[in-house]
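Written below as C-alpha coordinates is the structure these notes are about.
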Amino acid sequence: MFYIFITWLVLILLLIILVQGVQKNSKDRDRGGSVFKRWGGWFIGLFVVGSVPLGYALYTELRGGYIGANIGLGLALFFTWGYCAILLCVALVIWGRYGYKQYRKK
(Lines give C-alpha, C1' and ligand atoms only; values in the text may rest on other atoms or scores of the structure.)
Protein backbone atom coordinates (compact mmCIF):
# COMPACT_ATOMS: atom_id res chain seq x y z
CA MET A 1 0.00 0.00 0.00
CA PHE A 2 2.97 2.27 0.64
CA TYR A 3 4.04 1.97 -3.01
CA ILE A 4 0.60 3.06 -4.18
CA PHE A 5 0.72 6.27 -2.15
CA ILE A 6 4.29 7.06 -3.19
CA THR A 7 3.41 6.49 -6.85
CA TRP A 8 0.35 8.70 -6.50
CA LEU A 9 2.47 11.48 -4.96
CA VAL A 10 5.03 11.17 -7.78
CA LEU A 11 2.19 11.43 -10.31
CA ILE A 12 0.88 14.60 -8.65
CA LEU A 13 4.38 16.09 -8.49
CA LEU A 14 4.97 15.41 -12.18
CA LEU A 15 1.64 16.98 -13.12
CA ILE A 16 2.48 20.07 -11.04
CA ILE A 17 5.84 20.34 -12.82
CA LEU A 18 4.07 19.96 -16.16
CA VAL A 19 1.49 22.63 -15.31
CA GLN A 20 4.21 25.05 -14.19
CA GLY A 21 6.11 24.47 -17.44
CA VAL A 22 3.03 25.12 -19.55
CA GLN A 23 2.32 28.29 -17.55
CA LYS A 24 5.88 29.53 -18.06
CA ASN A 25 5.72 28.86 -21.80
CA SER A 26 2.29 30.45 -22.12
CA LYS A 27 3.29 33.72 -20.45
CA ASP A 28 5.16 34.75 -23.56
CA ARG A 29 2.00 34.56 -25.63
CA ASP A 30 -0.68 37.17 -25.09
CA ARG A 31 -3.89 35.44 -26.11
CA GLY A 32 -5.94 36.38 -23.08
CA GLY A 33 -7.51 34.07 -20.56
CA SER A 34 -5.77 31.96 -17.99
CA VAL A 35 -3.73 28.89 -18.76
CA PHE A 36 -6.03 26.71 -16.69
CA LYS A 37 -9.02 27.67 -18.83
CA ARG A 38 -7.22 26.47 -21.94
CA TRP A 39 -5.36 23.46 -20.51
CA GLY A 40 -7.30 22.58 -17.34
CA GLY A 41 -9.39 19.85 -18.94
CA TRP A 42 -6.30 18.16 -20.30
CA PHE A 43 -4.54 18.23 -16.94
CA ILE A 44 -7.59 16.84 -15.16
CA GLY A 45 -7.79 14.11 -17.79
CA LEU A 46 -4.11 13.28 -17.36
CA PHE A 47 -4.61 13.04 -13.60
CA VAL A 48 -7.63 10.74 -13.97
CA VAL A 49 -5.83 8.46 -16.43
CA GLY A 50 -2.99 8.03 -13.95
CA SER A 51 -5.14 7.80 -10.82
CA VAL A 52 -7.76 5.27 -11.89
CA PRO A 53 -5.35 2.28 -11.96
CA LEU A 54 -3.93 3.35 -8.60
CA GLY A 55 -7.40 3.70 -7.12
CA TYR A 56 -8.34 0.25 -8.36
CA ALA A 57 -5.10 -1.20 -6.98
CA LEU A 58 -5.74 0.43 -3.62
CA TYR A 59 -9.32 -0.88 -3.59
CA THR A 60 -8.25 -4.44 -4.36
CA GLU A 61 -5.42 -4.21 -1.83
CA LEU A 62 -7.79 -3.14 0.93
CA ARG A 63 -10.69 -5.44 -0.05
CA GLY A 64 -8.87 -8.62 -1.00
CA GLY A 65 -7.33 -10.72 1.71
CA TYR A 66 -5.71 -13.38 -0.45
CA ILE A 67 -2.15 -14.49 0.04
CA GLY A 68 -1.11 -15.09 -3.59
CA ALA A 69 0.50 -12.66 -6.00
CA ASN A 70 -1.62 -9.61 -6.75
CA ILE A 71 -1.30 -9.29 -10.51
CA GLY A 72 -3.69 -6.32 -10.61
CA LEU A 73 -1.50 -4.35 -8.23
CA GLY A 74 1.60 -5.09 -10.27
CA LEU A 75 -0.04 -4.13 -13.55
CA ALA A 76 -1.49 -0.93 -12.08
CA LEU A 77 1.88 0.16 -10.71
CA PHE A 78 3.68 -0.85 -13.92
CA PHE A 79 1.23 1.17 -16.04
CA THR A 80 1.42 4.19 -13.73
CA TRP A 81 5.23 4.13 -13.58
CA GLY A 82 5.38 4.01 -17.37
CA TYR A 83 2.85 6.82 -17.52
CA CYS A 84 4.94 8.85 -15.05
CA ALA A 85 8.03 8.27 -17.21
CA ILE A 86 6.18 9.62 -20.25
CA LEU A 87 4.95 12.64 -18.26
CA LEU A 88 8.51 13.26 -17.05
CA CYS A 89 9.80 13.24 -20.63
CA VAL A 90 7.08 15.66 -21.72
CA ALA A 91 7.81 17.94 -18.75
CA LEU A 92 11.53 17.92 -19.58
CA VAL A 93 10.79 18.87 -23.19
CA ILE A 94 8.49 21.71 -22.07
CA TRP A 95 11.00 23.03 -19.53
CA GLY A 96 13.81 22.64 -22.07
CA ARG A 97 11.80 24.71 -24.52
CA TYR A 98 11.30 27.37 -21.87
CA GLY A 99 15.03 27.38 -21.06
CA TYR A 100 15.85 27.69 -24.76
CA LYS A 101 13.48 30.64 -25.10
CA GLN A 102 15.09 32.35 -22.10
CA TYR A 103 18.56 31.69 -23.51
CA ARG A 104 17.58 33.18 -26.90
CA LYS A 105 16.23 36.36 -25.24
CA LYS A 106 19.65 37.26 -23.80
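Lettering and numbering for the C-alpha coordinates are positional, with chains as A, B, ... in the shown order, residues counted from 1 in each chain, and ligands counted from 1 in the shown order.
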Could you give me, as a PyMOL selection string, the residues within 9 Å of Pro53 (chain A), counting only C-alpha atoms and dropping anything in the same chain fewer than 6 positions from it? chain A and resi 72-73+75-77+79-80
File dump, residues just selected, all heavy atoms, as a PDB file, in the first residue's frame:
ATOM      1  N   GLY A  72      -3.068  -7.624 -10.356  1.00  0.00           N
ATOM      2  CA  GLY A  72      -3.686  -6.320 -10.615  1.00  0.00           C
ATOM      3  C   GLY A  72      -2.871  -5.175 -10.039  1.00  0.00           C
ATOM      4  O   GLY A  72      -2.715  -4.130 -10.663  1.00  0.00           O
ATOM      5  N   LEU A  73      -2.334  -5.379  -8.851  1.00  0.00           N
ATOM      6  CA  LEU A  73      -1.501  -4.355  -8.230  1.00  0.00           C
ATOM      7  C   LEU A  73      -0.239  -4.130  -9.050  1.00  0.00           C
ATOM      8  O   LEU A  73       0.154  -2.991  -9.318  1.00  0.00           O
ATOM      9  CB  LEU A  73      -1.145  -4.762  -6.801  1.00  0.00           C
ATOM     10  CG  LEU A  73      -0.160  -3.851  -6.066  1.00  0.00           C
ATOM     11  CD1 LEU A  73      -0.780  -2.483  -5.848  1.00  0.00           C
ATOM     12  CD2 LEU A  73       0.248  -4.483  -4.753  1.00  0.00           C
ATOM     13  N   LEU A  75       0.275  -4.761 -12.268  1.00  0.00           N
ATOM     14  CA  LEU A  75      -0.039  -4.127 -13.551  1.00  0.00           C
ATOM     15  C   LEU A  75      -0.391  -2.653 -13.386  1.00  0.00           C
ATOM     16  O   LEU A  75      -0.012  -1.814 -14.214  1.00  0.00           O
ATOM     17  CB  LEU A  75      -1.183  -4.874 -14.241  1.00  0.00           C
ATOM     18  CG  LEU A  75      -0.830  -6.237 -14.823  1.00  0.00           C
ATOM     19  CD1 LEU A  75      -2.080  -6.920 -15.358  1.00  0.00           C
ATOM     20  CD2 LEU A  75       0.208  -6.099 -15.905  1.00  0.00           C
ATOM     21  N   ALA A  76      -1.123  -2.332 -12.327  1.00  0.00           N
ATOM     22  CA  ALA A  76      -1.486  -0.930 -12.082  1.00  0.00           C
ATOM     23  C   ALA A  76      -0.243  -0.088 -11.817  1.00  0.00           C
ATOM     24  O   ALA A  76      -0.103   1.010 -12.364  1.00  0.00           O
ATOM     25  CB  ALA A  76      -2.452  -0.828 -10.907  1.00  0.00           C
ATOM     26  N   LEU A  77       0.660  -0.593 -10.995  1.00  0.00           N
ATOM     27  CA  LEU A  77       1.879   0.155 -10.713  1.00  0.00           C
ATOM     28  C   LEU A  77       2.772   0.238 -11.943  1.00  0.00           C
ATOM     29  O   LEU A  77       3.378   1.283 -12.218  1.00  0.00           O
ATOM     30  CB  LEU A  77       2.623  -0.473  -9.539  1.00  0.00           C
ATOM     31  CG  LEU A  77       1.971  -0.271  -8.176  1.00  0.00           C
ATOM     32  CD1 LEU A  77       2.725  -1.028  -7.112  1.00  0.00           C
ATOM     33  CD2 LEU A  77       1.886   1.194  -7.824  1.00  0.00           C
ATOM     34  N   PHE A  79       1.829   0.200 -15.128  1.00  0.00           N
ATOM     35  CA  PHE A  79       1.232   1.173 -16.037  1.00  0.00           C
ATOM     36  C   PHE A  79       1.479   2.594 -15.550  1.00  0.00           C
ATOM     37  O   PHE A  79       1.870   3.475 -16.327  1.00  0.00           O
ATOM     38  CB  PHE A  79      -0.278   0.933 -16.166  1.00  0.00           C
ATOM     39  CG  PHE A  79      -0.999   2.036 -16.876  1.00  0.00           C
ATOM     40  CD1 PHE A  79      -0.939   2.143 -18.245  1.00  0.00           C
ATOM     41  CD2 PHE A  79      -1.715   2.985 -16.170  1.00  0.00           C
ATOM     42  CE1 PHE A  79      -1.587   3.169 -18.916  1.00  0.00           C
ATOM     43  CE2 PHE A  79      -2.367   4.019 -16.810  1.00  0.00           C
ATOM     44  CZ  PHE A  79      -2.306   4.112 -18.197  1.00  0.00           C
ATOM     45  N   THR A  80       1.282   2.838 -14.269  1.00  0.00           N
ATOM     46  CA  THR A  80       1.420   4.192 -13.734  1.00  0.00           C
ATOM     47  C   THR A  80       2.876   4.644 -13.751  1.00  0.00           C
ATOM     48  O   THR A  80       3.151   5.811 -14.032  1.00  0.00           O
ATOM     49  CB  THR A  80       0.848   4.271 -12.317  1.00  0.00           C
ATOM     50  OG1 THR A  80      -0.485   3.757 -12.336  1.00  0.00           O
ATOM     51  CG2 THR A  80       0.809   5.693 -11.825  1.00  0.00           C
TER      52      THR A  80
END
What's around region 36-45 of chain A at 12 Å? Count only C-alpha atoms, leave out sequence neighbours fewer than 2 positions away in its own chain, and write the answer as an MDAnalysis selection string. chainID A and resid 11:12 14:23 26 31:34 47:52 87
Go through chain A and collect every residue that DSSP, computed from the backbone, puts in helix (DSSP H, G or I); the answer should be as a VMD selection string. chain A and resid 2 to 26 35 to 63 71 to 105
List as a short mmCIF file (atom, residue, chain, number, x, y, z; two decimals) with N, CA, C and O atoms, in the first residue's frame the protein and nucleic acid residues near Gly74 (chain A), meaning an atom at most 12 Å away when only C-alpha atoms are counted, but skip any in the same chain fewer than 2 places from it.
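File written: out_13.cif
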data_model
loop_
_atom_site.label_atom_id
_atom_site.label_comp_id
_atom_site.auth_asym_id
_atom_site.auth_seq_id
_atom_site.Cartn_x
_atom_site.Cartn_y
_atom_site.Cartn_z
N MET A 1 0.83 -1.19 0.00
CA MET A 1 0.00 0.00 0.00
C MET A 1 0.87 1.25 0.00
O MET A 1 0.49 2.27 -0.56
N TYR A 3 3.63 1.68 -1.64
CA TYR A 3 4.04 1.97 -3.01
C TYR A 3 2.94 2.70 -3.79
O TYR A 3 3.23 3.52 -4.65
N ILE A 4 1.71 2.39 -3.49
CA ILE A 4 0.60 3.06 -4.18
C ILE A 4 0.58 4.54 -3.83
O ILE A 4 0.45 5.40 -4.72
N PRO A 53 -5.98 3.58 -12.29
CA PRO A 53 -5.35 2.28 -11.96
C PRO A 53 -4.87 2.22 -10.51
O PRO A 53 -4.96 1.17 -9.86
N LEU A 54 -4.38 3.34 -9.99
CA LEU A 54 -3.93 3.35 -8.60
C LEU A 54 -5.10 3.21 -7.64
O LEU A 54 -4.99 2.53 -6.62
N TYR A 56 -7.91 1.65 -8.27
CA TYR A 56 -8.34 0.25 -8.36
C TYR A 56 -7.39 -0.66 -7.58
O TYR A 56 -7.82 -1.57 -6.87
N ALA A 57 -6.09 -0.40 -7.71
CA ALA A 57 -5.10 -1.20 -6.98
C ALA A 57 -5.28 -1.03 -5.48
O ALA A 57 -5.19 -2.00 -4.72
N LEU A 58 -5.52 0.18 -5.04
CA LEU A 58 -5.74 0.43 -3.62
C LEU A 58 -7.01 -0.27 -3.13
O LEU A 58 -7.03 -0.88 -2.06
N THR A 60 -8.45 -2.99 -4.43
CA THR A 60 -8.25 -4.44 -4.36
C THR A 60 -7.30 -4.81 -3.23
O THR A 60 -7.43 -5.89 -2.65
N GLU A 61 -6.35 -3.94 -2.93
CA GLU A 61 -5.42 -4.21 -1.83
C GLU A 61 -6.15 -4.17 -0.49
O GLU A 61 -5.88 -5.00 0.39
N ALA A 69 0.00 -13.84 -5.32
CA ALA A 69 0.50 -12.66 -6.00
C ALA A 69 -0.68 -11.82 -6.50
O ALA A 69 -1.64 -12.34 -7.06
N ASN A 70 -0.58 -10.53 -6.30
CA ASN A 70 -1.62 -9.61 -6.75
C ASN A 70 -1.21 -9.04 -8.10
O ASN A 70 -0.48 -8.06 -8.18
N ILE A 71 -1.67 -9.69 -9.16
CA ILE A 71 -1.30 -9.29 -10.51
C ILE A 71 -1.87 -7.91 -10.83
O ILE A 71 -1.23 -7.10 -11.49
N GLY A 72 -3.07 -7.62 -10.36
CA GLY A 72 -3.69 -6.32 -10.61
C GLY A 72 -2.87 -5.18 -10.04
O GLY A 72 -2.72 -4.13 -10.66
N ALA A 76 -1.12 -2.33 -12.33
CA ALA A 76 -1.49 -0.93 -12.08
C ALA A 76 -0.24 -0.09 -11.82
O ALA A 76 -0.10 1.01 -12.36
N LEU A 77 0.66 -0.59 -11.00
CA LEU A 77 1.88 0.16 -10.71
C LEU A 77 2.77 0.24 -11.94
O LEU A 77 3.38 1.28 -12.22
N PHE A 78 2.86 -0.85 -12.71
CA PHE A 78 3.68 -0.85 -13.92
C PHE A 78 3.15 0.19 -14.92
O PHE A 78 3.91 0.96 -15.50
N PHE A 79 1.83 0.20 -15.13
CA PHE A 79 1.23 1.17 -16.04
C PHE A 79 1.48 2.59 -15.55
O PHE A 79 1.87 3.47 -16.33
N THR A 80 1.28 2.84 -14.27
CA THR A 80 1.42 4.19 -13.73
C THR A 80 2.88 4.64 -13.75
O THR A 80 3.15 5.81 -14.03
N TRP A 81 3.82 3.74 -13.50
CA TRP A 81 5.23 4.13 -13.58
C TRP A 81 5.63 4.46 -15.01
O TRP A 81 6.36 5.41 -15.25
#
Give me, please, the distance in Å between CA of Asn25 (chain A) and CA of Tyr98 (chain A), quoted to one decimal.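 Calculated distance between CA of Asn25 (chain A) and CA of Tyr98 (chain A) is 5.8 Å.
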